[in-house]
Structures are given as structure tokens and as C-alpha cells.
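A short write-up of the structure that comes next.
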Amino acid sequence: MMDTKFSDEIRKRMRTIKHKHFANDTIYTYLDPGDVKLIECEVAEAFEDVLKALVINTKDDHNTKDTARRVAKMFVHEIFRGRYYPPPEVTSFPNAKEYDQIYVSGPMSINSTCAHHFQPITGQAYVGVFPGKKVIGLSKFNRMVDWVASRPQIQEEMTEQIADMIEEETEAKGVAVVIKAEHFCMTARGVKEHESEMMTSVLRGMFLRNTSMKTEFFSLLNNMKGMR
């Protein structure tokens, strides 16, 4: 058992510049080599207490004996890795032919977590780009979407953060992001409504200012969905 909480040390580091460290923030820049493993150990210890509070006999129950450790590894290294691991490297290339038309990439899988109930958010994302002086490989969009999605959050803010990252990495003249997702906090609990999905969109640059370009993007998006 850990005598002190390592997470207190991380919070102390962030406090020096008043980093808010909300659920959908990334904190990898405050971590030193080996810190992620220490966070994992603390999470495992804390989740063991959660299981005890649920009156689950993890000592004798073969099904839950190592559950706390497995959950900790899953949280830190997988479903919340966007908080603790650096962003993917995004290599750009000159827009040599000066391509000046819209292109749309998708669907990209969305696997995130609702910050309100820690239930899955699953769905698809589409990204539209009107390029500027550089372009990036299509697979990089998937990696950026996955990195931002791998945190506890709400869908509206996730859509904004994905658009922020793509806009910064591509320096495009226009960026559009659309996400359509199912929320398990509605389907697995509460109203248990399995026919309900949520759609969010964020438009930046020329997609926001130019009505005809906005119309063209959503027309291309609908055509992509119809061809699937």
C-alpha cells in the first residue's frame, strides 16, 4: 500500500501555473518518466477500495481478485490515455499542387467516456478540411480523433477539442468536425433509450464564414453516409 498519494505530487506541479486538470484535459507535460506507472498503482489501490465499498469479496472471489489492477491499467493506458500520453506525431507535407477544394475523411471510430457517469460514448466522427499551404496523411486524423476521445468528457467539448487540434496541426483555411454517438449513460441506465443518438458539429474558418462551402460539406457528408 502506498503511504502517500502520488497524485498529490502531480497536482502540486500543476498548481504552480494554475492548471485546472479537468477530466478532459491532458496532463502528460507534467509527468516524468515512470510517473504513469505510479499513477496506475494509485488508481489500483483506490479502485480496490471502491470494490470493498460495494461489499465485493475480492480476496476470495476468483472473478474479482485482480479486477482493481486490470481496471487501473485500462483507465491509465487505454481508455484515458489521452490524459497521460503525448499526442500522436503529425507529419505535414506541402500542398504542392495547391489543392483548393474540400475533402472529407471518415467515418472514424469514437470510443470515449462520459464524464458524468463514466459510461462509454461510442460512435463515428467525420472531418472536413479546406486546405491551406500544407496537408497531412489521412491516418493522422484518426490518430488525433482517438487521442482527444480517450478522456472522460462530454461530446460537445470533445468535438471542439478535436477541431482545435486539427486546425492547429493542419493550418487549414477551413475545418469541420461532425460526431454522431450513442451514450451508454442513456442506453444502459436512466431512460435506457436505445434508439437515441447525439450529433454535434463544429465549423471553423471558411466553413463557418462561407455558406456555400458549408452546404457543400454537409452534402458530401450525407453522400458518404449514403454510400456505406
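The way I read the labels, and the way they are meant: chains A, B, ... in the order of the C-alpha cells, residue 1 as the first residue of every chain, and ligand 1 as the first ligand shown, with later ones counted on from there.
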
Where does DSSP see alpha helix (DSSP H) in segment 29-147 of chain A, if you list the residues as an MDAnalysis selection string?
chainID A and resid 35:53 67:74 81:84 138:147

Saved selection, atoms kept: N, CA and C atoms, as a compact mmCIF listing (two decimals), in the first residue's frame:
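Result went into again.txt, see below:
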```
# COMPACT_ATOMS: atom_id res chain seq x y z
N ASP A 35 6.20 8.10 -14.11
CA ASP A 35 5.06 8.63 -13.36
C ASP A 35 3.76 7.92 -13.71
N VAL A 36 3.59 7.55 -14.99
CA VAL A 36 2.35 6.90 -15.39
C VAL A 36 2.16 5.58 -14.64
N LYS A 37 3.24 4.85 -14.43
CA LYS A 37 3.17 3.61 -13.67
C LYS A 37 2.76 3.88 -12.22
N LEU A 38 3.26 4.96 -11.63
CA LEU A 38 2.91 5.30 -10.25
C LEU A 38 1.43 5.71 -10.16
N ILE A 39 0.94 6.42 -11.18
CA ILE A 39 -0.48 6.76 -11.23
C ILE A 39 -1.31 5.49 -11.30
N GLU A 40 -0.88 4.56 -12.15
CA GLU A 40 -1.58 3.27 -12.27
C GLU A 40 -1.67 2.56 -10.91
N CYS A 41 -0.58 2.54 -10.17
CA CYS A 41 -0.57 1.86 -8.85
C CYS A 41 -1.54 2.52 -7.89
N GLU A 42 -1.60 3.85 -7.92
CA GLU A 42 -2.52 4.55 -7.01
C GLU A 42 -3.97 4.30 -7.40
N VAL A 43 -4.24 4.28 -8.70
CA VAL A 43 -5.60 4.01 -9.17
C VAL A 43 -6.02 2.59 -8.76
N ALA A 44 -5.11 1.63 -8.88
CA ALA A 44 -5.43 0.25 -8.50
C ALA A 44 -5.78 0.17 -7.02
N GLU A 45 -5.02 0.86 -6.19
CA GLU A 45 -5.29 0.88 -4.75
C GLU A 45 -6.64 1.51 -4.46
N ALA A 46 -6.91 2.64 -5.13
CA ALA A 46 -8.18 3.33 -4.89
C ALA A 46 -9.37 2.51 -5.37
N PHE A 47 -9.21 1.83 -6.51
CA PHE A 47 -10.34 1.05 -7.03
C PHE A 47 -10.59 -0.19 -6.18
N GLU A 48 -9.55 -0.69 -5.56
CA GLU A 48 -9.75 -1.80 -4.62
C GLU A 48 -10.66 -1.34 -3.48
N ASP A 49 -10.50 -0.09 -3.04
CA ASP A 49 -11.38 0.45 -2.00
C ASP A 49 -12.80 0.61 -2.51
N VAL A 50 -12.96 0.96 -3.79
CA VAL A 50 -14.30 1.05 -4.38
C VAL A 50 -14.98 -0.31 -4.34
N LEU A 51 -14.26 -1.35 -4.72
CA LEU A 51 -14.84 -2.69 -4.70
C LEU A 51 -15.22 -3.11 -3.28
N LYS A 52 -14.38 -2.76 -2.32
CA LYS A 52 -14.70 -3.07 -0.92
C LYS A 52 -15.95 -2.32 -0.48
N ALA A 53 -16.08 -1.05 -0.90
CA ALA A 53 -17.25 -0.26 -0.55
C ALA A 53 -18.52 -0.84 -1.16
N THR A 67 -9.28 -7.49 -10.29
CA THR A 67 -10.05 -6.51 -11.04
C THR A 67 -9.52 -5.09 -10.87
N ALA A 68 -9.15 -4.72 -9.66
CA ALA A 68 -8.66 -3.35 -9.42
C ALA A 68 -7.42 -3.06 -10.26
N ARG A 69 -6.51 -4.02 -10.34
CA ARG A 69 -5.30 -3.84 -11.14
C ARG A 69 -5.64 -3.73 -12.62
N ARG A 70 -6.56 -4.59 -13.08
CA ARG A 70 -6.95 -4.55 -14.50
C ARG A 70 -7.63 -3.23 -14.86
N VAL A 71 -8.50 -2.77 -13.98
CA VAL A 71 -9.20 -1.51 -14.23
C VAL A 71 -8.21 -0.35 -14.27
N ALA A 72 -7.24 -0.35 -13.37
CA ALA A 72 -6.24 0.72 -13.35
C ALA A 72 -5.45 0.76 -14.65
N LYS A 73 -4.99 -0.38 -15.12
CA LYS A 73 -4.25 -0.44 -16.38
C LYS A 73 -5.12 0.04 -17.54
N MET A 74 -6.39 -0.36 -17.54
CA MET A 74 -7.31 0.04 -18.60
C MET A 74 -7.52 1.55 -18.60
N ARG A 81 -5.93 7.31 -22.01
CA ARG A 81 -4.51 7.56 -22.35
C ARG A 81 -4.29 8.96 -22.91
N GLY A 82 -5.35 9.59 -23.43
CA GLY A 82 -5.21 10.95 -23.92
C GLY A 82 -4.86 11.95 -22.84
N ARG A 83 -5.05 11.56 -21.58
CA ARG A 83 -4.68 12.43 -20.46
C ARG A 83 -3.21 12.27 -20.09
N TYR A 84 -2.68 11.05 -20.24
CA TYR A 84 -1.37 10.72 -19.68
C TYR A 84 -0.27 10.48 -20.71
N LEU A 138 -4.03 10.98 -44.17
CA LEU A 138 -5.39 10.72 -43.68
C LEU A 138 -5.40 9.97 -42.35
N SER A 139 -4.45 9.05 -42.15
CA SER A 139 -4.43 8.27 -40.92
C SER A 139 -4.19 9.15 -39.70
N LYS A 140 -3.60 10.33 -39.90
CA LYS A 140 -3.32 11.22 -38.78
C LYS A 140 -4.60 11.79 -38.18
N PHE A 141 -5.63 11.93 -39.02
CA PHE A 141 -6.91 12.39 -38.49
C PHE A 141 -7.46 11.36 -37.50
N ASN A 142 -7.37 10.09 -37.86
CA ASN A 142 -7.84 9.03 -36.96
C ASN A 142 -7.09 9.07 -35.64
N ARG A 143 -5.78 9.26 -35.72
CA ARG A 143 -4.96 9.26 -34.50
C ARG A 143 -5.28 10.47 -33.61
N MET A 144 -5.50 11.62 -34.23
CA MET A 144 -5.85 12.80 -33.44
C MET A 144 -7.22 12.65 -32.78
N VAL A 145 -8.18 12.14 -33.55
CA VAL A 145 -9.52 11.91 -33.01
C VAL A 145 -9.46 10.94 -31.83
N ASP A 146 -8.71 9.86 -31.99
CA ASP A 146 -8.61 8.85 -30.93
C ASP A 146 -7.94 9.42 -29.68
N TRP A 147 -6.90 10.24 -29.86
CA TRP A 147 -6.18 10.80 -28.71
C TRP A 147 -7.08 11.73 -27.90
```

DSSP strand (DSSP E) selection over segment 14-227 of chain A, as a ChimeraX atom specification
/A:92-94,103-114,120-130,134-136,152-153,174-183,198-205

Tell me, as a ChimeraX atom specification, which residues lie within 7 Å of Val129 of chain A, counting only C-alpha atoms; anything in the same chain fewer than 4 positions away does not count.
/A:102-104,172,174-176

Atomic distance atom CA of Pro86 of chain A - atom CA of Pro152 of chain A, expressed in Å with one decimal:
16.4 Å

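Counting from atom CA of Glu171 of chain A, the distance to atom CA of Ile17 of chain A is 27.7 Å.
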
Fewer than 2 positions away in the same chain doesn't count, so skip those; otherwise give me all residues within 10 Å of Val135 of chain A, counting only C-alpha atoms, as a short mmCIF file (atom, residue, chain, number, x, y, z; two decimals) with C-alpha atoms, in the first residue's frame.
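Writing the result to part_14.cif gives the following:
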```
data_model
loop_
_atom_site.label_atom_id
_atom_site.label_comp_id
_atom_site.auth_asym_id
_atom_site.auth_seq_id
_atom_site.Cartn_x
_atom_site.Cartn_y
_atom_site.Cartn_z
CA THR A 91 3.81 14.90 -40.23
CA SER A 92 2.75 17.51 -42.74
CA PHE A 93 3.57 17.93 -46.42
CA PRO A 94 3.47 20.98 -48.69
CA ASN A 95 0.24 21.41 -50.61
CA ALA A 96 2.38 21.30 -53.75
CA GLU A 98 -2.31 23.98 -54.26
CA TYR A 99 -5.41 21.83 -53.94
CA VAL A 129 -10.86 20.21 -44.46
CA PHE A 130 -10.35 23.08 -46.87
CA PRO A 131 -6.52 23.01 -47.05
CA GLY A 132 -4.08 25.86 -46.85
CA LYS A 133 -0.36 25.59 -47.55
CA GLY A 137 -1.82 11.98 -44.10
CA LEU A 138 -5.39 10.72 -43.68
CA GLU A 169 -1.92 20.81 -36.95
CA THR A 170 -3.19 21.42 -40.49
CA GLU A 171 -3.27 25.24 -40.53
CA ALA A 172 -6.20 24.71 -42.88
#
```

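Closest approach to Ser105 of chain A among A:Ala188, A:Ile27, A:Val148, A:Leu220 is made by A:Leu220 (distances from only C-alpha atoms).
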
Gly106 of chain A: which residues within 9 Å, counting only C-alpha atoms, same-chain residues fewer than 2 positions away excluded, as a ChimeraX atom specification?
/A:104,108-109,124-128,141-142,221,224

Neighbour list for Asp164 of chain A as a list in words, cut-off 10 Å, only C-alpha atoms, skip fewer than 3 positions in-chain
Met158, Thr159, Glu160, Gln161, Glu167, Glu168, Glu169, Val175, Val177, Val202 and Arg204 of chain A

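Pairwise distance (atom CA of Val90 of chain A, atom CA of Ala149 of chain A) equals 16.7 Å.
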